[in-house]
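Remarks on the structure that follows.
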Amino acid sequence: MAMALGRSSAPHLLPNLHLNNSISFFCSQSLTLSQQHIRLQKVHKLRSLLSQGRINTAKRFLNSLLLSKDPFFSSSSELHALVSRPLFSNTLLWLCSNSKTLNHATDLYSSMRKDGFLPSTHSINRLLQTLVASQQFEKALTLFTDIVESGIRPDVFSYEKAVQAAVMLKDLDKSFELMGSMEKEGVGPSVFVYNLVLGGLCKVRRIKDARRLFDEMIHRNMVPNTVTYNTLIDGYCKVGEIEEGFSLKVRMKAPNAEPNLVTYNCLLNGLCGSGRVEDAREVLLEMEGNGFLPVGFLCVIFDDHSMCANDHGSLDGNGIRIHERTYSILLNGLRRVGRTEKAKEVFAKLVDNGVVPGRISYNILVNAYCQEGDMEKAILTTEQMEERGLKPSCVTFNTLISKLCEIREVDQAEKWVKRMIEKGVSPTVETYNSLINGYGRVHDFVRCFEILEEMEKTGIKPNVISYGSLINCLCKDRKLLDAEIVLGDMAGRGVSPNAEIYNMLIEASCSLSKLKDAFRFFDEMIKNGLDATLVTYNTLINGLGSNGRVTEAEELFLQMSSKGYNPDVITYNSLISGYAKSGNTTKCLELYDKMKTQGIKPTIGTFHPLINACRREGVVTMERMFQEMFQMDLVPDRVVYNEMIYSYAEDGNVLKAVSLHQQMIDQGVDSDKVTYNCLILAHFRDRKVSEIKHIVDDMKAKGLVPKTDTYKILVKGHCDLKDFNGAYFWYREMFDNGLLLNARICYQLISGLREEGMLREAQIASSELSSRGLNNMDD
């Protein structure tokens, strides 16, 4: 077995390589002598870097050999075959075991095993770790099984990665099997392994099995840590066995397992989820005592004055006196996590305990219901407020009016404005701004201008938000000229436009491909003493890139950097998108690496253009990008799934296309017509036409009506496979639905029908083609 490599130590390679074998190998690949010589030089350089201990440089050099646009070696297995030395191949395996060259690493491992080489445990562990990190859990388990069967003795780390893979696959039986193997091999399960399996059991609600495993830890004199306890406590709370969770918390002792915020949150979540608000008292008290809640917090919820920290919340002769702001914090906190009903319940409890609610607490509840879109309860809460003798404030009315305008219920919003006035509450500038925004959303710009006039008549001067709301709606409606007129009007009325308004105009100009206007607004903005913002530069960079002017986009990128603006993820996404559209995949990947180097985490928006660009590099590169998304805890959306499925379709890999579509469904991502078109294409490329009608039927069942693009794929797909009967079937359905093929595919169909002797069908299609005026070959 080859020696294990230290993390910082350089491997020492044997100096004598079998160069004759190397030349024979290269000759078998039909390479020229010059190409052979260059490749040998590359291998010697890699050996030299490794022998000098320059590991990082060796990694980069190896990536250049394998991952460049025109790689010197198609796989690391070629290097293995060339050198055919255990130590070199083992070192190579260690180097390749990273996310970028993971496929090369697995191929190399297979080649090494085929040649009888046994990699070191250190290299195996690195490969296992990378597979698990890349969420290739099945491959990780397969690798682990193979190394055990080959005679390599796994260490604790090897087992930990295997158990982790099994748990992630929800194969808990395999997890227990691995734990048993650890015991037999004398590398007993670690606390980390126990925590992994405990978590897996709790996720599938096998709480009894989880408890038995926990008790086994204690029996083996292992010391559970905070993670162990929190995992089991959370499991108990989620299945409603909250008392068991509390009993475990009592057993948590420093220094290994002291209760932390996660512990208390699990317990509170269990109690509140079961409606046991009163029982949360002791938990909150303990949290307060341990510094997890501010002192005095409990007295705003419970009627025990001994909990109050000062006179502001203590009892007096008439009962409880609690400052409204204090209990409003709790109500607002519940609102922020979407637990409006719980906030209402706490609110009612406060009232039952003698607290006289004020406008702030009612406004919080009104706002909470509005955010949830439950206008009925929001209005009911306002009415209850009045019943208690509290006059709704302008905040109350404005909250309701703003939400009604947001959901385009402008008629209802107008009624509430009238009611507001009837109640003696004067509309504010915020009231009118909401109305302008609402009418702008429904494209009633005449009413928007009327509201501006009403504001002037009532003595309320429109502010920058008033004009900004109108300009924003005009820009979104592609009425750039009208938006510019409003810009001039606001300036004439003494309201200075801000950077946000100029950004709206710049974005609208870019979206209409009017880059000259975009830069005119940019220059005017600077001339008026306004500093361009990061949004300004990002919008212009995106506009330039979208219109194929990527060189200018990068120049602007450099300009903004020189002026002290730090590019963000949107900046990089815009540049990557621009280069993707121009077909420059190398530049896209370069920018992707640069943003990560600068500590900017890619978003799902980064991968939209990136995966599209990587299609030119092939499926392997796309899959690498796809896996990196998971490593960054990013969940693929429909755009990403469609790109991947289309790539597999183009590659004729129907199995991967269907598998990824199932993953898409499992992730809760809805399919669209593009998804189904890709699946249809994949089946055609793989010549599996029997499933195509089922796909179309499923598409229709989902409410997705096939249009021309789908039928074109169906008709042309059958024609390409010389199945003209099948092509005519889809042509007939398409024509009956009032849709037309282009002339080229029609002629392909008609010619095929004639060749197959289906003259009647050919005549019908030909007549229909002529009747629709399709008498040329244009697409």
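By order of appearance in the structure tokens: chains A, B, ..., then residues from 1 within every chain, and ligands from 1 in the order shown.
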Problem set entry | Shell of 12 Å around segment 487-494 of chain A, only C-alpha atoms, local chain residues under 3 positions omitted, as a PyMOL selection string | chain A and resi 449+452+456+461-472+474-475+480-484+497-498+501-502+504-505+521+524-525+528
For this session: Quick one: pick out all helix (DSSP H, G or I) residues within segment 480-583 of chain A from a backbone DSSP run and write them as an NGL selection string.
Result: :A and (480-492 or 499-511 or 515-527 or 534-546 or 550-562 or 569-582)
Keeping only C-alpha atoms, write those residues as a PDB file, in the first residue's frame.
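Full text of result28.pdb as output:
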```
ATOM      1  CA  LEU A 480     -40.511  55.968 -20.955  1.00  0.00           C
ATOM      2  CA  LEU A 481     -41.471  59.253 -22.628  1.00  0.00           C
ATOM      3  CA  ASP A 482     -44.307  59.837 -20.130  1.00  0.00           C
ATOM      4  CA  ALA A 483     -41.974  58.982 -17.262  1.00  0.00           C
ATOM      5  CA  GLU A 484     -39.492  61.572 -18.495  1.00  0.00           C
ATOM      6  CA  ILE A 485     -42.272  64.192 -18.657  1.00  0.00           C
ATOM      7  CA  VAL A 486     -43.127  63.471 -15.002  1.00  0.00           C
ATOM      8  CA  LEU A 487     -39.435  63.814 -14.187  1.00  0.00           C
ATOM      9  CA  GLY A 488     -39.438  67.296 -15.666  1.00  0.00           C
ATOM     10  CA  ASP A 489     -42.680  68.192 -13.890  1.00  0.00           C
ATOM     11  CA  MET A 490     -41.389  67.211 -10.463  1.00  0.00           C
ATOM     12  CA  ALA A 491     -38.265  69.282 -10.968  1.00  0.00           C
ATOM     13  CA  GLY A 492     -40.441  72.242 -12.017  1.00  0.00           C
ATOM     14  CA  ALA A 499     -30.834  58.385  -7.336  1.00  0.00           C
ATOM     15  CA  GLU A 500     -33.607  55.788  -7.085  1.00  0.00           C
ATOM     16  CA  ILE A 501     -35.741  57.646  -9.644  1.00  0.00           C
ATOM     17  CA  TYR A 502     -32.848  57.965 -12.075  1.00  0.00           C
ATOM     18  CA  ASN A 503     -32.148  54.267 -11.585  1.00  0.00           C
ATOM     19  CA  MET A 504     -35.754  53.521 -12.599  1.00  0.00           C
ATOM     20  CA  LEU A 505     -35.343  55.544 -15.790  1.00  0.00           C
ATOM     21  CA  ILE A 506     -31.970  53.978 -16.556  1.00  0.00           C
ATOM     22  CA  GLU A 507     -33.360  50.472 -16.053  1.00  0.00           C
ATOM     23  CA  ALA A 508     -36.371  51.190 -18.279  1.00  0.00           C
ATOM     24  CA  SER A 509     -34.074  52.561 -20.993  1.00  0.00           C
ATOM     25  CA  CYS A 510     -31.840  49.487 -20.821  1.00  0.00           C
ATOM     26  CA  SER A 511     -34.811  47.115 -20.973  1.00  0.00           C
ATOM     27  CA  LEU A 515     -28.675  52.615 -24.090  1.00  0.00           C
ATOM     28  CA  LYS A 516     -28.099  56.118 -25.387  1.00  0.00           C
ATOM     29  CA  ASP A 517     -31.008  57.339 -23.229  1.00  0.00           C
ATOM     30  CA  ALA A 518     -29.734  55.289 -20.286  1.00  0.00           C
ATOM     31  CA  PHE A 519     -26.364  57.035 -20.354  1.00  0.00           C
ATOM     32  CA  ARG A 520     -28.084  60.395 -20.899  1.00  0.00           C
ATOM     33  CA  PHE A 521     -29.973  59.887 -17.634  1.00  0.00           C
ATOM     34  CA  PHE A 522     -26.728  58.760 -16.023  1.00  0.00           C
ATOM     35  CA  ASP A 523     -24.959  61.961 -17.103  1.00  0.00           C
ATOM     36  CA  GLU A 524     -27.904  64.105 -15.966  1.00  0.00           C
ATOM     37  CA  MET A 525     -27.823  62.375 -12.606  1.00  0.00           C
ATOM     38  CA  ILE A 526     -24.158  63.222 -12.107  1.00  0.00           C
ATOM     39  CA  LYS A 527     -24.694  66.766 -13.401  1.00  0.00           C
ATOM     40  CA  LEU A 534     -24.090  50.421  -7.002  1.00  0.00           C
ATOM     41  CA  VAL A 535     -27.580  49.809  -8.430  1.00  0.00           C
ATOM     42  CA  THR A 536     -26.869  52.409 -11.128  1.00  0.00           C
ATOM     43  CA  TYR A 537     -23.678  50.699 -12.251  1.00  0.00           C
ATOM     44  CA  ASN A 538     -25.211  47.235 -12.028  1.00  0.00           C
ATOM     45  CA  THR A 539     -28.157  48.327 -14.194  1.00  0.00           C
ATOM     46  CA  LEU A 540     -25.892  49.827 -16.849  1.00  0.00           C
ATOM     47  CA  ILE A 541     -23.551  46.832 -16.816  1.00  0.00           C
ATOM     48  CA  ASN A 542     -26.513  44.511 -17.225  1.00  0.00           C
ATOM     49  CA  GLY A 543     -27.932  46.673 -20.015  1.00  0.00           C
ATOM     50  CA  LEU A 544     -24.647  46.693 -21.910  1.00  0.00           C
ATOM     51  CA  GLY A 545     -24.170  42.967 -21.482  1.00  0.00           C
ATOM     52  CA  SER A 546     -27.740  42.183 -22.541  1.00  0.00           C
ATOM     53  CA  VAL A 550     -19.678  43.130 -23.016  1.00  0.00           C
ATOM     54  CA  THR A 551     -16.374  44.949 -23.538  1.00  0.00           C
ATOM     55  CA  GLU A 552     -17.988  48.250 -22.527  1.00  0.00           C
ATOM     56  CA  ALA A 553     -19.711  46.470 -19.628  1.00  0.00           C
ATOM     57  CA  GLU A 554     -16.354  45.290 -18.275  1.00  0.00           C
ATOM     58  CA  GLU A 555     -14.868  48.764 -18.761  1.00  0.00           C
ATOM     59  CA  LEU A 556     -17.703  50.177 -16.643  1.00  0.00           C
ATOM     60  CA  PHE A 557     -17.023  47.419 -14.108  1.00  0.00           C
ATOM     61  CA  LEU A 558     -13.418  48.611 -13.818  1.00  0.00           C
ATOM     62  CA  GLN A 559     -14.569  52.232 -13.642  1.00  0.00           C
ATOM     63  CA  MET A 560     -16.908  51.596 -10.731  1.00  0.00           C
ATOM     64  CA  SER A 561     -14.195  49.664  -8.903  1.00  0.00           C
ATOM     65  CA  SER A 562     -11.744  52.536  -9.341  1.00  0.00           C
ATOM     66  CA  VAL A 569     -23.222  39.388  -6.635  1.00  0.00           C
ATOM     67  CA  ILE A 570     -25.571  41.304  -8.972  1.00  0.00           C
ATOM     68  CA  THR A 571     -22.594  42.944 -10.667  1.00  0.00           C
ATOM     69  CA  TYR A 572     -20.964  39.603 -11.350  1.00  0.00           C
ATOM     70  CA  ASN A 573     -24.256  37.997 -12.363  1.00  0.00           C
ATOM     71  CA  SER A 574     -24.788  40.763 -14.918  1.00  0.00           C
ATOM     72  CA  LEU A 575     -21.308  40.339 -16.383  1.00  0.00           C
ATOM     73  CA  ILE A 576     -21.567  36.548 -16.458  1.00  0.00           C
ATOM     74  CA  SER A 577     -24.950  36.855 -18.159  1.00  0.00           C
ATOM     75  CA  GLY A 578     -23.505  39.196 -20.772  1.00  0.00           C
ATOM     76  CA  TYR A 579     -20.597  36.916 -21.588  1.00  0.00           C
ATOM     77  CA  ALA A 580     -22.911  33.900 -21.629  1.00  0.00           C
ATOM     78  CA  LYS A 581     -25.053  35.587 -24.278  1.00  0.00           C
ATOM     79  CA  SER A 582     -21.934  36.403 -26.299  1.00  0.00           C
TER      80      SER A 582
END
```
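Atom CA of Tyr711 of chain A is positioned 15.1 Å from atom CA of Asp672 of chain A.
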Problem set entry | Spatial neighbours of Ile645 of chain A, max dist 12 Å, only C-alpha atoms, sep filter under 2 positions, as a PyMOL selection string | chain A and resi 611-612+615+619+622-623+626+638-643+647-664+671+674-683
Exercise. Residues at most 10 Å from Ile604 of chain A, counting only C-alpha atoms, excluding those fewer than 4 positions away in the same chain, as a ChimeraX atom specification?
Worked result: /A:573,608-610,629,632,634-637,639-640
Exercise. Which value, in Å to one decimal, gives the distance between atom CA of Lys100 of chain A and atom CA of Asp171 of chain A?
Worked result: 27.6 Å
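Shell of segment 208-211 of chain A at 8 Å, with only C-alpha atoms counted and residues fewer than 2 places along the chain excluded, is Val197, Leu198, Leu201, Cys202, Arg206, Leu213, Phe214, Asp215 and Leu232 of chain A.
The closest residue to Val167 of chain A, picked from A:Gly151, A:Gly200, A:Pro189, A:Gly240 and counting only C-alpha atoms, is A:Gly200.
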